[in-house]
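**Q** Take a look at the following structure, please.
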Amino acid sequence: MPITQAVQMIHAQGAKWVTADGTEIHLKGANLGNWLINEFWMMGQGANGIDTQCRLEAVLDKRFGYAERDRLFKVFRDNWMKPADWDQLAQFGVNVVRLPFIHTLVEDEQHPGSLRADAWHYLDDAIAQAERRGIYVILDLHGAAGGQAGEKEQHDGCTGPAELWTTPAYQDRTVWLWQQVAARYKDRPAVAGYSLLNEPWGTDPATLAAFIGKVYTAVRAVDPNHVAILPGHSSGIGAYGDPAAKGMTNVAFEMHFYPGLFGWGSIGPAVHRDWLLCNAARTTGVCEWDKRIQGLETPLLVGETQPWASMGLETGAQVTRATFDTYARLGWATTAWAYKYASNAGGHGTGTWGMVTNAAGDTIPALDFNTASLADIENLFRRYGAVRYEPHRPLRDWMTSSNAPDPFAGL
């Protein structure tokens with residue numbers, strides 16, 4: 001059913017996500033990574049020193065000028081996500097997408113604090129594509145002005161000091177940006193919420209909580225309707241305290257859980273079993289987080305997780321279904337990373353990070369953007385919309401099955 005009616009607007013109620021009439025809704029879906037902010041590992045690029053969006057922009061500016069760079073990015077964005085991708089998302093049974101974007105999608109980088117002439121083109125289109133298919137959208141500021149993630153991270157579009165935290169002008173621009181976004185979409189039922197800042201690892205928890213408090217206030221000044229999603233620190237959400245006690249309303253917390261990855265155990269069913277099933281005393285894994293969330297009476301968004309990669313297609317699919325089911329029972333919203341992943345050779349192998357990927361043999365060339373011709377760069381960007389993509393079929397089947405698997409039997 002298209003999401004166009006006020007009664008479909010999502011709110012926070014206690015620790016639950018509910019529609020306007022108080023009906024609990026279980027949000028499950030995926031991130032649209034690499035579309036509106038590039039992550040080069042997701043597109044078969046990243047060599048020769050160009051591994052972030054900022055570095056690519058700088059090279060294209062130097063070689064071809066800003067106007068041509070801007071045109072090339074539009075070519076890429078117009079080809080990474082097409083209407084057929086939205087249809088494919090619906091076939092996976094998702095009802096929400098988290099939409100990562102960089103601030104310069106909306107803000108005119110040549111005139112900071114001003115909107116681009118086409119500021120709303122891609123966000124408007126994404127929301128329209130989603131709402132007509134019954135899919136909600138979480139708007140995720142993945143790359144803020146100055147960067148928020150830290151020197152060793154690349155997911156905010158740049159590599160270098162997280163200058164958001166030391167530069168008041170960047171903070172002011174971030175607050176301004178969210179006011180523009182919130183004013184634009186304050187009455188749009190298909191927007192499930194605002195993910196105010198992605199993985200803000202470049203500062204301490206107290207500084208993060210204080211700044212997000214300012215962003216929340218700015219959003220609420222123009223939009224009383226949508227859930228404001230408070231980003232957890234890598235150390236958790238403790239610095240926020242009880243949002244209600246601070247006068248915050250209609251808020252949720254966001255955390256990213258990656259069992260088996262980034263130093264959290266080893267890839268395989270066992271680490272997911274321990275996380276999802278807890279221990280006998282129910283004091284570890286998701287049980288510990290459930291107690292915390294219930295105590296705060298605030299919903300949780302698992303904004304990123306990856307439960308299927310490199311485990312074999314069938315096993316990964318079953319673990320993913322168990323993950324979504326467990327989080328739904330707890331009342332958590334979940335968006336896996338990610339919908340699409342493209343590699344040079346193509347094919348799912350034992351499981352890429354994508355629900356879909358370019359088919360084996362439908363290759364993606366790795367370019368050296370320092371020397372590739374303008375035509376070759378444009379052809380690469382168009383190729384992302386022309387290759388044949390294939391779904392992770394066991395994942396799609398288990399995500400839409402009326403039966404639930406037991407991937408941990410015998411472990």
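Following the order of the structure tokens, chains are lettered A, B, ..., residues in each are numbered from 1, and ligands are numbered from 1.
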Would you tabulate, counting only C-alpha atoms, all residues of segment 213-309 of chain A that have an atom at most 10 Å from an atom of segment 324-348 of chain A, showing the closest pair of atoms and their distance in Å to one decimal, sorted by chain then ascending number, as CSV?
**A**
```
residue,atom,partner,partner_atom,distance
A:Ala252,CA,A:Ala333,CA,10.0
A:Phe253,CA,A:Trp332,CA,10.0
A:Glu254,CA,A:Ala333,CA,9.3
A:Met255,CA,A:Thr334,CA,9.9
A:His256,CA,A:Ala336,CA,9.4
A:Phe257,CA,A:Ala336,CA,9.7
A:Tyr258,CA,A:Trp337,CA,9.9
A:Leu276,CA,A:Thr326,CA,6.8
A:Leu277,CA,A:Thr326,CA,8.8
A:Val286,CA,A:Tyr327,CA,8.4
A:Cys287,CA,A:Leu330,CA,9.0
A:Trp289,CA,A:Leu330,CA,9.6
A:Asp290,CA,A:Leu330,CA,6.8
A:Ile293,CA,A:Trp332,CA,9.5
A:Gln294,CA,A:Leu330,CA,9.5
A:Pro299,CA,A:Trp332,CA,6.7
A:Leu300,CA,A:Trp332,CA,5.2
A:Leu301,CA,A:Ala333,CA,4.7
A:Val302,CA,A:Thr334,CA,4.7
A:Gly303,CA,A:Thr335,CA,5.2
A:Glu304,CA,A:Ala336,CA,5.1
A:Thr305,CA,A:Ala336,CA,4.8
A:Gln306,CA,A:Trp337,CA,5.7
A:Pro307,CA,A:Ala336,CA,8.0
A:Trp308,CA,A:Ala336,CA,9.7
A:Ala309,CA,A:His348,CA,9.2
```
**Q** Using only C-alpha atoms, which protein or nucleic acid residues come within 12 Å of Lys74 of chain A? Drop anything in the same chain fewer than 3 positions from it, and give the result as JSON, numbers by chain.
**A** {"A": [35, 36, 37, 67, 68, 69, 70, 71, 77, 78, 79, 80, 81, 105, 118, 121, 122, 378, 381, 382]}
**Q** Could you please take those selected residues and save N, CA, C and O atoms as a PDB file, in the first residue's frame?
**A**
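Okay, again-v8.pdb is ready:
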```
ATOM      1  N   TRP A  35      25.210   5.209  -2.892  1.00  0.00           N
ATOM      2  CA  TRP A  35      24.441   5.939  -3.890  1.00  0.00           C
ATOM      3  C   TRP A  35      24.658   7.444  -3.759  1.00  0.00           C
ATOM      4  O   TRP A  35      25.147   8.094  -4.692  1.00  0.00           O
ATOM      5  N   LEU A  36      24.333   7.999  -2.624  1.00  0.00           N
ATOM      6  CA  LEU A  36      24.392   9.437  -2.423  1.00  0.00           C
ATOM      7  C   LEU A  36      25.572   9.854  -1.567  1.00  0.00           C
ATOM      8  O   LEU A  36      25.694  11.026  -1.184  1.00  0.00           O
ATOM      9  N   ILE A  37      26.430   8.909  -1.250  1.00  0.00           N
ATOM     10  CA  ILE A  37      27.760   9.147  -0.698  1.00  0.00           C
ATOM     11  C   ILE A  37      28.566   7.902  -1.030  1.00  0.00           C
ATOM     12  O   ILE A  37      28.149   6.785  -0.739  1.00  0.00           O
ATOM     13  N   ALA A  67      32.235  21.995 -12.716  1.00  0.00           N
ATOM     14  CA  ALA A  67      30.974  21.750 -13.428  1.00  0.00           C
ATOM     15  C   ALA A  67      30.947  20.351 -14.030  1.00  0.00           C
ATOM     16  O   ALA A  67      29.928  19.657 -13.963  1.00  0.00           O
ATOM     17  N   GLU A  68      32.071  19.926 -14.590  1.00  0.00           N
ATOM     18  CA  GLU A  68      32.114  18.600 -15.195  1.00  0.00           C
ATOM     19  C   GLU A  68      32.098  17.516 -14.119  1.00  0.00           C
ATOM     20  O   GLU A  68      31.470  16.478 -14.288  1.00  0.00           O
ATOM     21  N   ARG A  69      32.778  17.771 -13.024  1.00  0.00           N
ATOM     22  CA  ARG A  69      32.707  16.824 -11.897  1.00  0.00           C
ATOM     23  C   ARG A  69      31.270  16.658 -11.409  1.00  0.00           C
ATOM     24  O   ARG A  69      30.795  15.547 -11.183  1.00  0.00           O
ATOM     25  N   ASP A  70      30.577  17.786 -11.273  1.00  0.00           N
ATOM     26  CA  ASP A  70      29.196  17.739 -10.806  1.00  0.00           C
ATOM     27  C   ASP A  70      28.333  16.937 -11.779  1.00  0.00           C
ATOM     28  O   ASP A  70      27.484  16.139 -11.359  1.00  0.00           O
ATOM     29  N   ARG A  71      28.561  17.109 -13.051  1.00  0.00           N
ATOM     30  CA  ARG A  71      27.802  16.356 -14.050  1.00  0.00           C
ATOM     31  C   ARG A  71      28.094  14.857 -13.952  1.00  0.00           C
ATOM     32  O   ARG A  71      27.179  14.024 -14.033  1.00  0.00           O
ATOM     33  N   ARG A  77      24.925   8.799 -10.003  1.00  0.00           N
ATOM     34  CA  ARG A  77      23.742   8.633  -9.153  1.00  0.00           C
ATOM     35  C   ARG A  77      22.529   8.194  -9.957  1.00  0.00           C
ATOM     36  O   ARG A  77      21.703   7.415  -9.458  1.00  0.00           O
ATOM     37  N   ASP A  78      22.426   8.666 -11.182  1.00  0.00           N
ATOM     38  CA  ASP A  78      21.299   8.281 -12.019  1.00  0.00           C
ATOM     39  C   ASP A  78      21.383   6.816 -12.453  1.00  0.00           C
ATOM     40  O   ASP A  78      20.373   6.241 -12.892  1.00  0.00           O
ATOM     41  N   ASN A  79      22.553   6.223 -12.343  1.00  0.00           N
ATOM     42  CA  ASN A  79      22.729   4.843 -12.776  1.00  0.00           C
ATOM     43  C   ASN A  79      22.856   3.853 -11.632  1.00  0.00           C
ATOM     44  O   ASN A  79      22.557   2.671 -11.819  1.00  0.00           O
ATOM     45  N   TRP A  80      23.271   4.292 -10.461  1.00  0.00           N
ATOM     46  CA  TRP A  80      23.416   3.343  -9.342  1.00  0.00           C
ATOM     47  C   TRP A  80      22.052   2.839  -8.872  1.00  0.00           C
ATOM     48  O   TRP A  80      21.895   1.663  -8.555  1.00  0.00           O
ATOM     49  N   MET A  81      21.065   3.721  -8.815  1.00  0.00           N
ATOM     50  CA  MET A  81      19.703   3.323  -8.431  1.00  0.00           C
ATOM     51  C   MET A  81      18.741   3.700  -9.536  1.00  0.00           C
ATOM     52  O   MET A  81      18.647   4.866  -9.927  1.00  0.00           O
ATOM     53  N   LEU A 105      25.073  16.937  -1.014  1.00  0.00           N
ATOM     54  CA  LEU A 105      23.935  16.596  -1.871  1.00  0.00           C
ATOM     55  C   LEU A 105      22.885  17.699  -1.809  1.00  0.00           C
ATOM     56  O   LEU A 105      22.196  17.970  -2.785  1.00  0.00           O
ATOM     57  N   ASP A 118      19.519  22.153  -7.150  1.00  0.00           N
ATOM     58  CA  ASP A 118      18.809  20.874  -7.261  1.00  0.00           C
ATOM     59  C   ASP A 118      18.846  20.097  -5.945  1.00  0.00           C
ATOM     60  O   ASP A 118      18.882  18.869  -5.927  1.00  0.00           O
ATOM     61  N   HIS A 121      16.477  17.006  -5.433  1.00  0.00           N
ATOM     62  CA  HIS A 121      16.194  16.105  -6.548  1.00  0.00           C
ATOM     63  C   HIS A 121      16.255  14.636  -6.127  1.00  0.00           C
ATOM     64  O   HIS A 121      15.297  13.873  -6.351  1.00  0.00           O
ATOM     65  N   TYR A 122      17.361  14.217  -5.529  1.00  0.00           N
ATOM     66  CA  TYR A 122      17.536  12.789  -5.240  1.00  0.00           C
ATOM     67  C   TYR A 122      16.754  12.351  -4.010  1.00  0.00           C
ATOM     68  O   TYR A 122      16.191  11.246  -3.993  1.00  0.00           O
ATOM     69  N   GLU A 378      32.981   8.406 -17.505  1.00  0.00           N
ATOM     70  CA  GLU A 378      31.538   8.459 -17.730  1.00  0.00           C
ATOM     71  C   GLU A 378      30.993   7.084 -18.095  1.00  0.00           C
ATOM     72  O   GLU A 378      29.922   6.682 -17.614  1.00  0.00           O
ATOM     73  N   PHE A 381      30.620   5.010 -14.952  1.00  0.00           N
ATOM     74  CA  PHE A 381      29.465   5.406 -14.149  1.00  0.00           C
ATOM     75  C   PHE A 381      28.162   4.941 -14.793  1.00  0.00           C
ATOM     76  O   PHE A 381      27.230   4.532 -14.097  1.00  0.00           O
ATOM     77  N   ARG A 382      28.104   4.970 -16.115  1.00  0.00           N
ATOM     78  CA  ARG A 382      26.902   4.474 -16.781  1.00  0.00           C
ATOM     79  C   ARG A 382      26.801   2.949 -16.691  1.00  0.00           C
ATOM     80  O   ARG A 382      25.694   2.401 -16.681  1.00  0.00           O
TER      81      ARG A 382
END
```
**Q** Between A:Lys214, A:Arg98, A:Arg292, A:Lys62, which is the closest to Asn370 of chain A once you count only C-alpha atoms?
**A** A:Lys62
**Q** For the atom pair atom CA of Arg133 of chain A and atom CA of Pro2 of chain A, what is the interatomic distance in Å to one decimal place?
**A** 5.7 Å
**Q** Given the choices A:Phe92, A:Gln148, A:Asp362, A:Tyr136, which gets closest to Leu395 of chain A if the distance is worked out from only C-alpha atoms?
**A**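 Among the listed residues, the smallest separation from Leu395 of chain A belongs to A:Phe92.
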**Q** When you look at Gly150 of chain A with a cut-off of 6 Å (counting only C-alpha atoms), what residues show up, excluding the ones that are within fewer than 5 positions of it in the same chain? I need them as a PyMOL selection string.
**A** chain A and resi 161-162+201-202
**Q** Among the residues of segment 303-359 of chain A, find those DSSP assigns to strand (DSSP E) from the backbone and print them as a VMD selection string.
**A** chain A and resid 303 to 304 333 to 336 340 to 341 356 to 358
**Q** Write down as a VMD selection string the residues of segment 60-168 of chain A whose backbone DSSP state falls under helix (DSSP H, G or I).
**A** chain A and resid 60 to 64 66 to 80 83 to 91 103 to 105 121 to 131 163 to 165 168
**Q** Just C-alpha atoms for this one: save the residues we selected as a tab-separated table (two decimals), in the first residue's frame.
**A**
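The file below, again_0.tsv, is the result:
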```
chain	number	residue	atom	x	y	z
A	60	LEU	CA	37.99	15.48	-11.05
A	61	ASP	CA	37.98	19.19	-10.17
A	62	LYS	CA	41.67	19.49	-11.03
A	63	ARG	CA	41.39	17.54	-14.26
A	64	PHE	CA	38.02	18.65	-15.64
A	66	TYR	CA	33.86	21.62	-10.94
A	67	ALA	CA	30.97	21.75	-13.43
A	68	GLU	CA	32.11	18.60	-15.20
A	69	ARG	CA	32.71	16.82	-11.90
A	70	ASP	CA	29.20	17.74	-10.81
A	71	ARG	CA	27.80	16.36	-14.05
A	72	LEU	CA	29.73	13.10	-13.66
A	73	PHE	CA	28.35	12.58	-10.16
A	74	LYS	CA	24.84	13.00	-11.51
A	75	VAL	CA	25.61	10.36	-14.14
A	76	PHE	CA	26.75	8.00	-11.40
A	77	ARG	CA	23.74	8.63	-9.15
A	78	ASP	CA	21.30	8.28	-12.02
A	79	ASN	CA	22.73	4.84	-12.78
A	80	TRP	CA	23.42	3.34	-9.34
A	83	PRO	CA	13.29	2.07	-10.80
A	84	ALA	CA	14.13	-1.62	-11.28
A	85	ASP	CA	16.19	-1.46	-8.07
A	86	TRP	CA	13.21	-0.21	-6.14
A	87	ASP	CA	11.15	-3.07	-7.54
A	88	GLN	CA	13.87	-5.50	-6.49
A	89	LEU	CA	13.90	-4.07	-2.96
A	90	ALA	CA	10.18	-4.69	-2.68
A	91	GLN	CA	10.73	-8.30	-3.78
A	103	HIS	CA	25.80	17.08	3.13
A	104	THR	CA	26.83	18.46	-0.27
A	105	LEU	CA	23.94	16.60	-1.87
A	121	HIS	CA	16.19	16.11	-6.55
A	122	TYR	CA	17.54	12.79	-5.24
A	123	LEU	CA	15.90	12.80	-1.82
A	124	ASP	CA	12.53	13.70	-3.34
A	125	ASP	CA	12.88	10.95	-5.93
A	126	ALA	CA	13.95	8.34	-3.38
A	127	ILE	CA	10.99	9.10	-1.14
A	128	ALA	CA	8.59	9.03	-4.09
A	129	GLN	CA	9.97	5.72	-5.36
A	130	ALA	CA	9.74	4.21	-1.88
A	131	GLU	CA	6.34	5.49	-0.84
A	163	GLU	CA	36.71	18.67	12.01
A	164	LEU	CA	32.99	18.84	12.72
A	165	TRP	CA	33.85	18.56	16.40
A	168	PRO	CA	31.81	25.81	15.10
```
